[in-house]
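Okay, my_file35.cif is below, mmCIF, C-alpha atoms:
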```
data_coords
loop_
_atom_site.label_atom_id
_atom_site.label_comp_id
_atom_site.auth_asym_id
_atom_site.auth_seq_id
_atom_site.Cartn_x
_atom_site.Cartn_y
_atom_site.Cartn_z
CA MET A 35 15.14 7.61 -17.41
CA VAL A 36 18.70 6.52 -16.69
CA THR A 37 21.33 7.40 -19.24
CA LEU A 38 23.09 4.09 -19.70
CA GLN A 39 26.71 3.67 -20.67
CA VAL A 40 26.38 1.97 -24.02
CA SER A 41 29.13 -0.28 -25.28
CA ALA A 42 29.56 -3.18 -27.62
CA SER A 43 27.48 -6.15 -26.55
CA ALA A 44 29.21 -7.83 -23.61
CA SER A 45 28.66 -11.15 -21.85
CA VAL A 46 28.04 -11.54 -18.14
CA VAL A 47 27.44 -14.78 -16.24
CA LEU A 48 25.13 -14.55 -13.23
CA ASN A 49 23.67 -17.44 -11.27
CA GLY A 50 25.18 -19.82 -13.81
CA VAL A 51 23.57 -18.28 -16.90
CA GLU A 52 25.23 -16.16 -19.58
CA TYR A 53 23.54 -12.92 -20.65
CA LYS A 54 24.38 -10.56 -23.51
CA VAL A 55 24.04 -6.99 -22.26
CA GLY A 56 24.19 -3.91 -24.40
CA SER A 57 24.66 -1.30 -21.69
CA SER A 58 25.75 -0.93 -18.07
CA ILE A 59 25.38 1.40 -15.12
CA ALA A 60 27.13 1.56 -11.75
CA ARG A 61 25.80 3.28 -8.62
CA ASP A 62 26.36 3.22 -4.87
CA VAL A 63 22.83 1.98 -4.18
CA CYS A 64 20.29 0.11 -6.30
CA ILE A 65 16.66 0.48 -5.24
CA VAL A 66 14.19 -2.13 -6.46
CA GLY A 67 10.74 -0.56 -6.64
CA GLY A 68 9.73 3.02 -7.31
CA GLY A 69 6.71 3.18 -5.05
CA SER A 70 6.39 5.17 -1.85
CA SER A 71 9.34 3.66 0.03
CA GLY A 72 11.64 3.30 -2.97
CA THR A 73 11.15 6.84 -4.24
CA TYR A 74 11.64 8.29 -0.76
CA ALA A 75 14.84 6.27 -0.29
CA ALA A 76 16.19 7.42 -3.64
CA VAL A 77 15.52 11.12 -3.01
CA ARG A 78 16.95 11.03 0.50
CA LEU A 79 20.07 9.06 -0.46
CA SER A 80 20.71 11.45 -3.34
CA ASP A 81 20.47 14.34 -0.91
CA MET A 82 22.99 12.52 1.31
CA GLY A 83 25.49 12.37 -1.55
CA GLU A 84 24.97 8.73 -2.57
CA THR A 85 24.55 7.76 -6.21
CA VAL A 86 21.39 5.74 -6.80
CA VAL A 87 19.36 4.00 -9.45
CA VAL A 88 15.70 3.01 -9.12
CA ILE A 89 14.48 -0.07 -11.00
CA GLU A 90 10.70 0.12 -11.50
CA GLN A 91 8.56 -2.24 -13.59
CA LYS A 92 5.80 0.32 -14.22
CA ASP A 93 6.10 3.30 -16.55
CA ARG A 94 5.89 5.75 -13.64
CA LEU A 95 6.96 6.24 -10.04
CA GLY A 96 4.41 6.25 -7.22
CA GLY A 97 3.24 2.68 -6.63
CA HIS A 98 -0.21 2.85 -5.01
CA THR A 99 -0.37 6.62 -5.64
CA GLU A 100 -2.19 7.04 -8.93
CA THR A 101 -4.17 9.99 -10.32
CA TYR A 102 -6.67 10.17 -13.16
CA THR A 103 -7.05 13.37 -15.17
CA ASP A 104 -10.36 13.87 -16.97
CA PRO A 105 -9.56 14.96 -20.54
CA THR A 106 -12.68 17.10 -20.85
CA THR A 107 -12.72 19.06 -17.59
CA GLY A 108 -9.11 18.66 -16.49
CA PHE A 109 -10.34 17.62 -13.04
CA LYS A 110 -8.13 15.23 -11.10
CA TYR A 111 -9.07 12.25 -8.95
CA ASP A 112 -6.69 10.12 -6.89
CA ILE A 113 -7.58 6.46 -7.37
CA GLY A 114 -4.86 5.33 -4.99
CA VAL A 115 -3.37 7.11 -1.99
CA GLN A 116 -5.67 10.00 -1.12
CA VAL A 117 -4.37 11.49 2.14
CA TRP A 118 -1.15 12.00 4.06
CA HIS A 119 -0.28 12.28 7.73
CA ASP A 120 0.21 15.74 9.18
CA LEU A 121 3.76 14.99 10.32
CA PRO A 122 7.09 16.83 9.98
CA ILE A 123 8.57 14.14 7.73
CA VAL A 124 5.65 14.54 5.32
CA LYS A 125 5.83 18.32 5.23
CA ASP A 126 9.61 18.28 4.79
CA TYR A 127 9.47 15.75 1.95
CA PHE A 128 6.75 17.62 0.06
CA ALA A 129 8.60 20.90 0.57
CA ARG A 130 11.80 19.29 -0.74
CA LEU A 131 9.96 18.39 -3.94
CA ASN A 132 8.07 21.70 -4.12
CA VAL A 133 4.57 20.24 -3.81
CA SER A 134 2.08 22.22 -1.72
CA LEU A 135 -0.14 20.60 0.89
CA ILE A 136 -3.47 21.60 2.43
CA LYS A 137 -5.80 20.15 5.01
CA ARG A 138 -8.12 17.71 3.30
CA PRO A 139 -11.72 18.92 3.48
CA ASN A 140 -14.03 16.60 5.38
CA PRO A 141 -16.25 14.50 3.10
CA THR A 142 -19.70 16.08 2.73
CA LEU A 143 -21.48 13.66 0.41
CA PRO A 144 -24.72 12.25 1.84
CA THR A 145 -24.21 8.54 2.50
CA GLN A 146 -26.64 5.75 1.71
CA TYR A 147 -26.35 2.06 2.57
CA PHE A 148 -27.04 -0.87 0.28
CA ASP A 149 -26.54 -4.60 0.32
CA PHE A 150 -24.70 -5.10 -2.96
CA ASP A 151 -25.43 -8.84 -2.90
CA THR A 152 -29.14 -8.13 -3.42
CA GLY A 153 -29.18 -4.50 -4.52
CA ASN A 154 -31.54 -3.62 -1.67
CA THR A 155 -31.15 -0.85 0.89
CA GLY A 156 -29.28 -1.67 4.09
CA ASN A 157 -28.55 -0.27 7.54
CA ASN A 158 -25.88 2.14 8.73
CA ASN A 159 -23.15 0.07 10.37
CA ILE A 160 -21.51 2.84 12.39
CA GLY A 161 -22.40 2.64 16.08
CA ALA A 162 -24.17 5.53 17.79
CA ASN A 163 -21.39 5.77 20.39
CA LEU A 164 -18.48 5.77 17.96
CA SER A 165 -16.36 8.17 20.05
CA THR A 166 -16.68 5.89 23.08
CA GLY A 167 -15.58 2.90 21.01
CA LEU A 168 -12.61 4.76 19.56
CA ALA A 169 -11.53 5.88 23.04
CA ALA A 170 -11.69 2.30 24.29
CA TYR A 171 -9.69 1.17 21.27
CA ALA A 172 -7.07 3.87 21.88
CA ALA A 173 -6.65 2.66 25.47
CA GLN A 174 -5.81 -0.84 24.23
CA LEU A 175 -3.56 0.42 21.43
CA ALA A 176 -1.56 2.52 23.91
CA LYS A 177 -0.25 -0.68 25.50
CA TYR A 178 1.91 -1.30 22.43
CA PRO A 179 3.66 1.95 21.42
CA TYR A 180 6.44 0.03 19.67
CA LEU A 181 4.02 -0.96 16.89
CA GLU A 182 4.19 2.58 15.49
CA LYS A 183 7.81 2.05 14.40
CA GLY A 184 7.80 -1.42 12.85
CA PHE A 185 7.51 -5.05 13.89
CA ASP A 186 9.88 -4.85 16.86
CA LEU A 187 7.63 -7.15 18.86
CA ARG A 188 8.05 -8.24 22.47
CA TYR A 189 8.43 -11.97 23.13
CA PRO A 190 6.47 -13.89 24.02
CA VAL A 191 4.08 -11.97 21.81
CA PRO A 192 1.14 -10.73 23.93
CA SER A 193 -1.85 -13.00 23.44
CA ASP A 194 -4.13 -10.05 22.68
CA LEU A 195 -2.06 -9.23 19.58
CA LEU A 196 -2.46 -12.79 18.33
CA MET A 197 -6.20 -12.86 19.01
CA PRO A 198 -8.51 -12.59 15.96
CA TRP A 199 -9.80 -9.04 15.72
CA GLY A 200 -13.40 -10.21 15.97
CA MET A 201 -12.70 -11.81 19.35
CA PHE A 202 -10.72 -8.77 20.49
CA ILE A 203 -13.71 -6.54 19.71
CA LYS A 204 -15.92 -8.57 22.00
CA LYS A 205 -13.32 -8.91 24.77
CA TYR A 206 -12.92 -5.13 25.08
CA ASN A 207 -16.45 -4.03 24.08
CA LEU A 208 -15.41 -2.26 20.89
CA GLU A 209 -18.56 -3.05 18.94
CA THR A 210 -19.45 0.62 18.40
CA MET A 211 -16.30 1.25 16.36
CA ALA A 212 -16.17 -2.04 14.45
CA GLY A 213 -18.21 -0.87 11.46
CA PHE A 214 -16.32 2.42 11.18
CA HIS A 215 -12.96 0.64 11.31
CA TYR A 216 -13.96 -1.77 8.58
CA ARG A 217 -14.94 1.06 6.25
CA PHE A 218 -11.74 2.96 7.02
CA ALA A 219 -9.25 0.08 6.80
CA GLN A 220 -10.05 -0.96 3.24
CA GLY A 221 -7.90 -3.66 1.71
CA MET A 222 -7.37 -5.75 4.85
CA GLY A 223 -9.50 -8.64 3.64
CA ASP A 224 -11.47 -10.56 6.27
CA THR A 225 -10.61 -8.13 9.04
CA LEU A 226 -12.46 -9.95 11.81
CA ALA A 227 -10.32 -13.05 11.23
CA GLN A 228 -6.98 -11.17 11.13
CA PRO A 229 -4.69 -11.13 14.17
CA THR A 230 -5.26 -7.92 16.13
CA LEU A 231 -1.59 -7.11 15.54
CA TYR A 232 -2.35 -6.20 11.92
CA VAL A 233 -5.34 -4.07 12.86
CA PHE A 234 -3.19 -2.09 15.33
CA LYS A 235 -0.51 -1.66 12.65
CA ASN A 236 -3.04 -0.42 10.11
CA PHE A 237 -5.15 1.73 12.45
CA GLY A 238 -2.54 3.22 14.76
CA SER A 239 -2.33 6.08 17.20
CA ASP A 240 -1.49 8.73 14.61
CA ILE A 241 -4.54 7.75 12.57
CA LEU A 242 -6.66 8.35 15.68
CA ARG A 243 -5.02 11.76 16.08
CA LEU A 244 -5.63 12.66 12.45
CA LEU A 245 -9.30 11.75 12.72
CA GLN A 246 -9.45 14.70 15.13
CA VAL A 247 -7.09 17.23 13.51
CA GLY A 248 -7.43 16.28 9.85
CA PHE A 249 -5.33 14.66 7.13
CA LEU A 250 -3.31 16.41 4.42
CA THR A 251 -3.66 16.28 0.66
CA THR A 252 -2.06 18.16 -2.20
CA LYS A 253 -3.24 21.69 -2.90
CA LEU A 254 -3.88 20.81 -6.55
CA HIS A 255 -5.71 17.58 -5.58
CA ASP A 256 -3.14 15.55 -7.48
CA ASN A 257 -1.08 13.31 -5.20
CA SER A 258 0.90 11.98 -8.16
CA LEU A 259 2.62 15.37 -8.36
CA LEU A 260 4.92 14.22 -5.57
CA TYR A 261 6.24 11.41 -7.75
CA GLU A 262 6.40 13.46 -10.92
CA HIS A 263 8.60 15.97 -9.10
CA ALA A 264 10.64 13.12 -7.61
CA ALA A 265 11.23 11.67 -11.07
CA ALA A 266 12.51 15.06 -12.21
CA ALA A 267 14.77 15.34 -9.16
CA LEU A 268 16.14 11.85 -9.87
CA SER A 269 16.61 12.55 -13.58
CA GLY A 270 19.09 10.10 -15.05
CA ASN A 271 18.66 7.67 -12.17
CA VAL A 272 15.36 5.91 -12.84
CA LEU A 273 14.82 2.81 -14.99
CA LEU A 274 11.11 2.68 -15.79
CA SER A 275 9.32 -0.21 -17.51
CA SER A 276 12.16 -2.44 -16.37
CA LYS A 277 12.09 -6.07 -15.26
CA ILE A 278 14.81 -7.80 -13.28
CA ILE A 279 15.94 -10.93 -15.12
CA VAL A 280 18.62 -12.04 -12.68
CA LEU A 281 20.09 -10.66 -9.46
CA ASN A 282 23.29 -11.83 -7.76
CA ARG A 283 24.73 -10.72 -4.38
CA SER A 284 27.43 -13.34 -3.89
CA GLY A 285 30.51 -11.17 -4.45
CA GLN A 286 31.70 -7.78 -3.26
CA SER A 287 28.87 -6.02 -5.08
CA VAL A 288 25.31 -6.55 -6.29
CA ARG A 289 24.91 -7.30 -9.98
CA ILE A 290 21.58 -7.17 -11.76
CA VAL A 291 20.59 -7.86 -15.34
CA THR A 292 17.44 -5.96 -16.13
CA SER A 293 15.31 -5.85 -19.24
CA THR A 294 14.77 -2.21 -20.21
CA GLN A 295 13.12 -0.51 -23.14
CA ALA A 296 16.59 -0.36 -24.73
CA GLY A 297 17.38 -4.05 -24.16
CA LEU A 298 19.31 -5.92 -21.48
CA SER A 299 21.41 -3.83 -19.13
CA LEU A 300 23.86 -4.70 -16.36
CA VAL A 301 23.38 -2.71 -13.15
CA THR A 302 26.12 -2.88 -10.52
CA CYS A 303 25.95 -1.38 -7.03
CA GLN A 304 27.49 -1.73 -3.59
CA LYS A 305 24.18 -1.84 -1.71
CA LEU A 306 20.68 -2.98 -2.52
CA ILE A 307 17.37 -1.71 -1.09
CA VAL A 308 14.35 -3.91 -1.77
CA THR A 309 10.99 -2.13 -1.48
CA ILE A 310 8.67 -4.34 -3.54
CA PRO A 311 6.38 -6.90 -1.86
CA PRO A 312 8.73 -9.81 -1.04
CA LYS A 313 6.56 -12.51 -2.56
CA LEU A 314 8.48 -15.31 -4.24
CA GLU A 315 6.75 -14.67 -7.57
CA ASN A 316 8.21 -11.14 -7.51
CA LEU A 317 11.73 -12.44 -6.92
CA VAL A 318 12.21 -14.93 -9.76
CA GLY A 319 15.85 -14.93 -10.87
CA TRP A 320 17.16 -13.68 -7.52
CA ASP A 321 19.83 -15.59 -5.60
CA LEU A 322 17.63 -15.97 -2.53
CA THR A 323 19.03 -17.61 0.56
CA SER A 324 17.24 -20.48 2.29
CA ASP A 325 16.20 -18.05 5.05
CA GLU A 326 14.73 -15.60 2.54
CA ILE A 327 12.84 -18.36 0.75
CA ARG A 328 11.52 -19.78 4.03
CA LEU A 329 10.36 -16.36 5.24
CA PHE A 330 8.98 -14.90 2.04
CA SER A 331 7.04 -18.06 1.19
CA GLN A 332 4.95 -17.55 4.33
CA PHE A 333 3.47 -14.25 3.21
CA LYS A 334 -0.20 -14.28 2.24
CA ASN A 335 -1.84 -11.21 0.79
CA THR A 336 -5.20 -9.57 0.37
CA GLY A 337 -6.49 -7.89 -2.78
CA TYR A 338 -7.48 -4.26 -3.29
CA TYR A 339 -8.74 -2.65 -6.49
CA THR A 340 -9.94 0.82 -7.43
CA GLY A 341 -11.42 2.56 -10.43
CA LEU A 342 -13.74 5.14 -11.94
CA LEU A 343 -17.04 4.36 -13.66
CA ARG A 344 -19.37 6.12 -16.08
CA ASN A 345 -22.98 5.34 -17.07
CA THR A 346 -23.86 3.96 -13.64
CA GLY A 347 -27.24 5.66 -13.46
CA ILE A 348 -26.28 6.93 -9.99
CA LEU A 349 -26.78 10.62 -9.32
CA ASP A 350 -23.89 12.97 -8.64
CA ASP A 351 -23.22 14.10 -5.04
CA THR A 352 -23.79 10.60 -3.69
CA ALA A 353 -21.85 8.12 -1.55
CA ILE A 354 -22.98 4.51 -1.23
CA VAL A 355 -21.60 2.05 1.33
CA ASN A 356 -21.88 -1.72 0.94
CA VAL A 357 -23.37 -3.41 4.01
CA SER A 358 -24.68 -6.93 4.51
CA PRO A 359 -27.36 -8.19 6.94
CA LYS A 360 -25.66 -11.60 6.83
CA THR A 361 -22.42 -10.54 8.56
CA GLU A 362 -21.39 -9.34 11.98
CA TYR A 363 -21.52 -5.54 12.28
CA ASN A 364 -23.16 -5.47 8.81
CA GLN A 365 -19.79 -5.65 7.11
CA MET A 366 -19.79 -6.28 3.37
CA THR A 367 -19.30 -9.80 2.10
CA LEU A 368 -16.00 -10.61 0.40
CA PRO A 369 -15.07 -10.30 -2.34
CA GLY A 370 -17.03 -7.15 -2.94
CA ILE A 371 -17.33 -3.42 -3.41
CA TYR A 372 -16.53 -1.32 -0.34
CA GLY A 373 -18.37 1.65 -1.70
CA LEU A 374 -19.14 4.10 -4.48
CA ALA A 375 -18.67 7.87 -4.36
CA SER A 376 -19.25 10.77 -6.69
CA THR A 377 -16.26 12.74 -7.90
CA LYS A 378 -15.95 16.31 -9.16
CA ILE A 379 -15.94 14.88 -12.67
CA PRO A 380 -19.57 14.97 -13.87
CA GLY A 381 -21.08 11.52 -14.26
CA VAL A 382 -18.00 9.73 -12.90
CA ILE A 383 -18.25 7.50 -9.82
CA ALA A 384 -15.28 6.16 -7.83
CA VAL A 385 -15.32 2.52 -6.73
CA THR A 386 -13.18 0.53 -4.29
CA PHE A 387 -13.20 -3.27 -4.08
CA GLY A 388 -11.61 -5.79 -1.73
CA SER A 389 -10.90 -9.50 -1.53
CA ALA A 390 -9.36 -11.88 0.99
CA HIS A 391 -6.82 -13.01 -1.61
CA ALA A 392 -5.74 -11.97 -5.09
CA LEU A 393 -8.31 -12.21 -7.87
CA SER A 394 -7.96 -11.81 -11.61
CA ASP A 395 -8.68 -8.36 -13.00
CA ALA A 396 -11.42 -9.84 -15.18
CA ALA A 397 -13.18 -11.32 -12.13
CA VAL A 398 -12.99 -8.03 -10.23
CA GLU A 399 -14.19 -5.91 -13.14
CA ASN A 400 -17.07 -8.25 -13.93
CA GLN A 401 -18.28 -8.32 -10.31
CA ILE A 402 -18.08 -4.53 -9.97
CA LEU A 403 -20.11 -3.96 -13.13
CA SER A 404 -22.66 -6.62 -12.15
CA ASP A 405 -23.08 -5.30 -8.60
CA VAL A 406 -23.54 -1.71 -9.78
CA ARG A 407 -26.20 -2.76 -12.29
CA ARG A 408 -28.01 -4.68 -9.51
CA LEU A 409 -28.34 -1.67 -7.18
CA LYS A 410 -31.94 -0.64 -6.63
CA TYR A 411 -31.03 2.97 -6.05
CA PRO A 412 -33.94 5.44 -5.84
CA GLY A 413 -33.99 7.64 -8.92
CA LYS A 414 -31.39 5.50 -10.63
CA GLY A 415 -31.28 6.04 -14.35
CA PRO A 416 -30.30 3.59 -17.08
CA SER A 417 -27.33 1.60 -15.79
CA ASN A 418 -24.75 0.31 -18.22
CA PRO A 419 -21.55 1.01 -16.25
CA LYS A 420 -18.21 1.21 -18.01
CA PHE A 421 -14.74 1.67 -16.57
CA VAL A 422 -13.06 4.99 -17.19
CA VAL A 423 -9.96 3.65 -15.46
CA TYR A 424 -9.18 0.58 -13.36
CA SER A 425 -6.23 0.00 -11.03
CA ARG A 426 -4.92 -3.14 -9.35
CA HIS A 427 -3.33 -2.55 -5.92
CA THR A 428 -2.50 -6.21 -5.34
CA PRO A 429 -0.73 -7.76 -3.48
CA PHE A 430 -1.93 -5.36 -0.79
CA GLU A 431 -1.65 -6.27 2.89
CA LEU A 432 1.02 -8.94 3.44
CA MET A 433 0.48 -11.08 6.52
CA VAL A 434 1.63 -14.35 8.06
CA SER A 435 -0.09 -16.85 10.34
CA THR A 436 -0.60 -16.35 14.06
CA LYS A 437 1.71 -19.31 14.68
CA ALA A 438 4.47 -17.70 12.62
CA ILE A 439 4.11 -14.41 14.49
CA ALA A 440 4.30 -16.18 17.86
CA ASN A 441 7.33 -18.20 16.73
CA GLY A 442 9.38 -15.10 15.97
CA PHE A 443 8.77 -14.57 12.25
CA TYR A 444 9.27 -10.81 12.44
CA LYS A 445 12.44 -11.08 14.49
CA VAL A 446 14.02 -13.37 11.91
CA LEU A 447 12.71 -11.13 9.12
CA SER A 448 14.39 -8.12 10.74
CA ASP A 449 17.64 -10.07 10.99
CA LEU A 450 17.83 -10.04 7.18
CA GLN A 451 18.67 -6.32 7.24
CA GLY A 452 22.21 -5.75 6.00
CA GLN A 453 22.90 -9.33 4.97
CA ARG A 454 24.53 -9.79 1.55
CA HIS A 455 24.56 -6.03 0.86
CA THR A 456 20.73 -5.99 1.15
CA TRP A 457 18.23 -3.94 3.13
CA TYR A 458 14.45 -4.16 3.06
CA THR A 459 11.66 -1.64 3.49
CA GLY A 460 8.07 -1.35 2.31
CA ALA A 461 4.68 -2.32 3.71
CA ALA A 462 5.63 -5.93 4.53
CA PHE A 463 8.21 -4.60 6.99
CA HIS A 464 5.92 -2.04 8.65
CA THR A 465 2.45 -1.10 7.36
CA GLN A 466 0.55 0.06 4.26
CA ASP A 467 1.00 3.77 5.05
CA SER A 468 3.31 6.14 3.16
CA ALA A 469 4.17 8.53 6.00
CA LEU A 470 4.94 5.76 8.47
CA LEU A 471 6.99 3.98 5.81
CA TRP A 472 9.01 7.14 5.24
CA GLU A 473 9.80 7.26 8.95
CA PHE A 474 10.79 3.59 8.91
CA THR A 475 12.90 4.10 5.78
CA GLU A 476 14.60 7.20 7.22
CA THR A 477 15.84 5.15 10.17
CA LEU A 478 16.98 2.39 7.82
CA LEU A 479 18.91 4.83 5.64
CA ARG A 480 21.04 5.91 8.60
CA ASN A 481 22.14 2.30 9.03
CA ILE A 482 22.76 1.89 5.29
CA THR A 483 24.92 4.98 4.95
CA ALA A 484 26.83 4.14 8.14
CA SER A 485 27.73 0.62 6.98
#
```

Take the structure in the file and give it back as structure tokens.
Amino acid sequence: MVTLQVSASASVVLNGVEYKVGSSIARDVCIVGGGSSGTYAAVRLSDMGETVVVIEQKDRLGGHTETYTDPTTGFKYDIGVQVWHDLPIVKDYFARLNVSLIKRPNPTLPTQYFDFDTGNTGNNNIGANLSTGLAAYAAQLAKYPYLEKGFDLRYPVPSDLLMPWGMFIKKYNLETMAGFHYRFAQGMGDTLAQPTLYVFKNFGSDILRLLQVGFLTTKLHDNSLLYEHAAAALSGNVLLSSKIIVLNRSGQSVRIVTSTQAGLSLVTCQKLIVTIPPKLENLVGWDLTSDEIRLFSQFKNTGYYTGLLRNTGILDDTAIVNVSPKTEYNQMTLPGIYGLASTKIPGVIAVTFGSAHALSDAAVENQILSDVRRLKYPGKGPSNPKFVVYSRHTPFELMVSTKAIANGFYKVLSDLQGQRHTWYTGAAFHTQDSALLWEFTETLLRNITAS
């Protein structure tokens, strides 16, 4: 937590409203959001000699990285980010925070296929010639190397990037990899309807490389360790459980009133880095420009949810994939469970769930429990599933319309960088991938510190 400078209650007027604040803090850089991008930016800027403060609404750092610890066995299970790229920036960052990495073992659970809409068995939706399909996909992806670094698109935007992924599959005979991609790229919503641009961003060339050489994970099988160590390294510079009430960038500095566990606090900084999803509902109280409002209002998002279940009646050492005979390539119907998988915790099953748009937690939980009860799994015991833990990773993928992409949305979005003391990073500005976001953020930090 940040050690705030406490003084007698003072008044501050921001965006035309007076606030009584009981404490204040001043730093070179304020970072809104303590997820993957925000934590990385804070650690790196601190190492560069900048003073920072991270404002995070949750009670922990890490964002989509979340780990459950079983109180009986002590076993860990990551219910968010599970793997990392085998890249120098990843190894350097983990080494900086003294967290050991290993190659992630290949999954060995026997996989079964069920239609969760009916509970009946289904068919494997991975093509027999998967390697051929992936090679054909790689050949198309190689035409657009600039997608690995951000949304620095070429204009006019190539028509293939604007084409719905389902049409792109047929155009380039990628049917044998369609089912595999859908199972891998969880959280993308109705993938077949998405512009191919977003598929290429999500399933890029380094992912294809890692499918061959292997991903990394933490040696202790606890990815949250990275953020626990980061919080310790940033001691005195993190405001957890904090909500921004008002934010103003009109003067020579950025001023923020935030509601903390200790009351209202005034945070002042020279530069601002925004890493949270730039949805208008996340930016209430901010002095947004007309350009920011126009751009951010165009973002639509998918939903992604994870959890752990007990009392499912499903045997240990099992993986179950949701497939549907009613869809192309036997993809699951949305909203729905992607799959279930045993964990090392006896009797505990992991679940992942996706939707084309945000759903209430109650709706997601109820459908998961209902669908698990419906499964006609051979040897299934009494099924009265209960959540051990549930996590909402929504908003997940942020996307805009094909028309907006073609009309230069991402060029105008990029032009926001550096305006009014503000820089942006996070998945909306690149992709939902920690390692690639760290690379994007590293480049951004050079511009921030040079300004």

Checklist outcome for this item: What separates CA of Tyr458 in chain A and CA of Asp120 in chain A is a distance of 25.2 Å

Checklist entry - Using the chain letters and numbers from the file, which residues does the PyMOL selection byres ((chain A and resi 226) around 8) grab, as a list in words? => result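 Taken over the shown coordinates, the PyMOL selection byres ((chain A and resi 226) around 8) returns Pro198, Trp199, Gly200, Met201, Asp224, Thr225, Ala227 and Gln228 of chain A.
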
Checklist entry - Just so the selection is clear, what residues does the PyMOL selection byres ((chain A and resi 114) around 10) cover here, as a PyMOL selection string? => result chain A and resi 96-102+111-113+115-117+257-258+339-341+386+425-427

Could you take the residues named above and write them with C-alpha atoms, as a CSV table (one decimal), in the coordinates of the input?
```
chain,number,residue,atom,x,y,z
A,96,GLY,CA,4.4,6.2,-7.2
A,97,GLY,CA,3.2,2.7,-6.6
A,98,HIS,CA,-0.2,2.8,-5.0
A,99,THR,CA,-0.4,6.6,-5.6
A,100,GLU,CA,-2.2,7.0,-8.9
A,101,THR,CA,-4.2,10.0,-10.3
A,102,TYR,CA,-6.7,10.2,-13.2
A,111,TYR,CA,-9.1,12.2,-9.0
A,112,ASP,CA,-6.7,10.1,-6.9
A,113,ILE,CA,-7.6,6.5,-7.4
A,115,VAL,CA,-3.4,7.1,-2.0
A,116,GLN,CA,-5.7,10.0,-1.1
A,117,VAL,CA,-4.4,11.5,2.1
A,257,ASN,CA,-1.1,13.3,-5.2
A,258,SER,CA,0.9,12.0,-8.2
A,339,TYR,CA,-8.7,-2.6,-6.5
A,340,THR,CA,-9.9,0.8,-7.4
A,341,GLY,CA,-11.4,2.6,-10.4
A,386,THR,CA,-13.2,0.5,-4.3
A,425,SER,CA,-6.2,0.0,-11.0
A,426,ARG,CA,-4.9,-3.1,-9.4
A,427,HIS,CA,-3.3,-2.6,-5.9
```

Item to check | Top pick for closest residue to Arg283 in chain A, considering A:Lys54, A:Arg94, A:Lys305, A:Lys125 and counting all atoms listed in the file | outcome: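 Closest to Arg283 in chain A of all the choices is A:Lys305.
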
Checklist entry - How far is it from CA of Gly50 in chain A to CA of Ser331 in chain A, in Å with one decimal? => result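 Interatomic distance here is 23.6 Å.
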
For range 281-289 of chain A, which lacks atoms in the input, supply N, CA, C and O atoms and format the output as a JSON list (two decimals), keeping the file's coordinate frame.
```json
[["chain", "number", "residue", "atom", "x", "y", "z"],
["A", 281, "LEU", "N", 19.47, -11.50, -10.48],
["A", 281, "LEU", "CA", 20.09, -10.66, -9.46],
["A", 281, "LEU", "C", 21.03, -11.53, -8.64],
["A", 281, "LEU", "O", 20.64, -12.61, -8.18],
["A", 282, "ASN", "N", 22.28, -11.05, -8.47],
["A", 282, "ASN", "CA", 23.29, -11.83, -7.76],
["A", 282, "ASN", "C", 23.99, -10.94, -6.73],
["A", 282, "ASN", "O", 24.41, -9.83, -7.03],
["A", 283, "ARG", "N", 24.11, -11.47, -5.48],
["A", 283, "ARG", "CA", 24.73, -10.72, -4.38],
["A", 283, "ARG", "C", 25.88, -11.48, -3.75],
["A", 283, "ARG", "O", 26.24, -11.23, -2.61],
["A", 284, "SER", "N", 26.46, -12.43, -4.49],
["A", 284, "SER", "CA", 27.43, -13.34, -3.89],
["A", 284, "SER", "C", 28.83, -12.76, -3.75],
["A", 284, "SER", "O", 29.63, -13.27, -2.96],
["A", 285, "GLY", "N", 29.16, -11.72, -4.50],
["A", 285, "GLY", "CA", 30.51, -11.17, -4.45],
["A", 285, "GLY", "C", 30.61, -9.92, -3.60],
["A", 285, "GLY", "O", 29.88, -9.75, -2.62],
["A", 286, "GLN", "N", 31.49, -9.03, -4.00],
["A", 286, "GLN", "CA", 31.70, -7.78, -3.26],
["A", 286, "GLN", "C", 30.70, -6.70, -3.64],
["A", 286, "GLN", "O", 30.70, -5.63, -3.06],
["A", 287, "SER", "N", 29.88, -6.99, -4.64],
["A", 287, "SER", "CA", 28.87, -6.02, -5.08],
["A", 287, "SER", "C", 27.62, -6.76, -5.50],
["A", 287, "SER", "O", 27.59, -8.00, -5.59],
["A", 288, "VAL", "N", 26.58, -6.00, -5.78],
["A", 288, "VAL", "CA", 25.31, -6.55, -6.29],
["A", 288, "VAL", "C", 25.30, -6.34, -7.80],
["A", 288, "VAL", "O", 25.58, -5.25, -8.29],
["A", 289, "ARG", "N", 24.99, -7.40, -8.52],
["A", 289, "ARG", "CA", 24.91, -7.30, -9.98],
["A", 289, "ARG", "C", 23.53, -7.74, -10.44],
["A", 289, "ARG", "O", 23.02, -8.78, -10.00]]
```
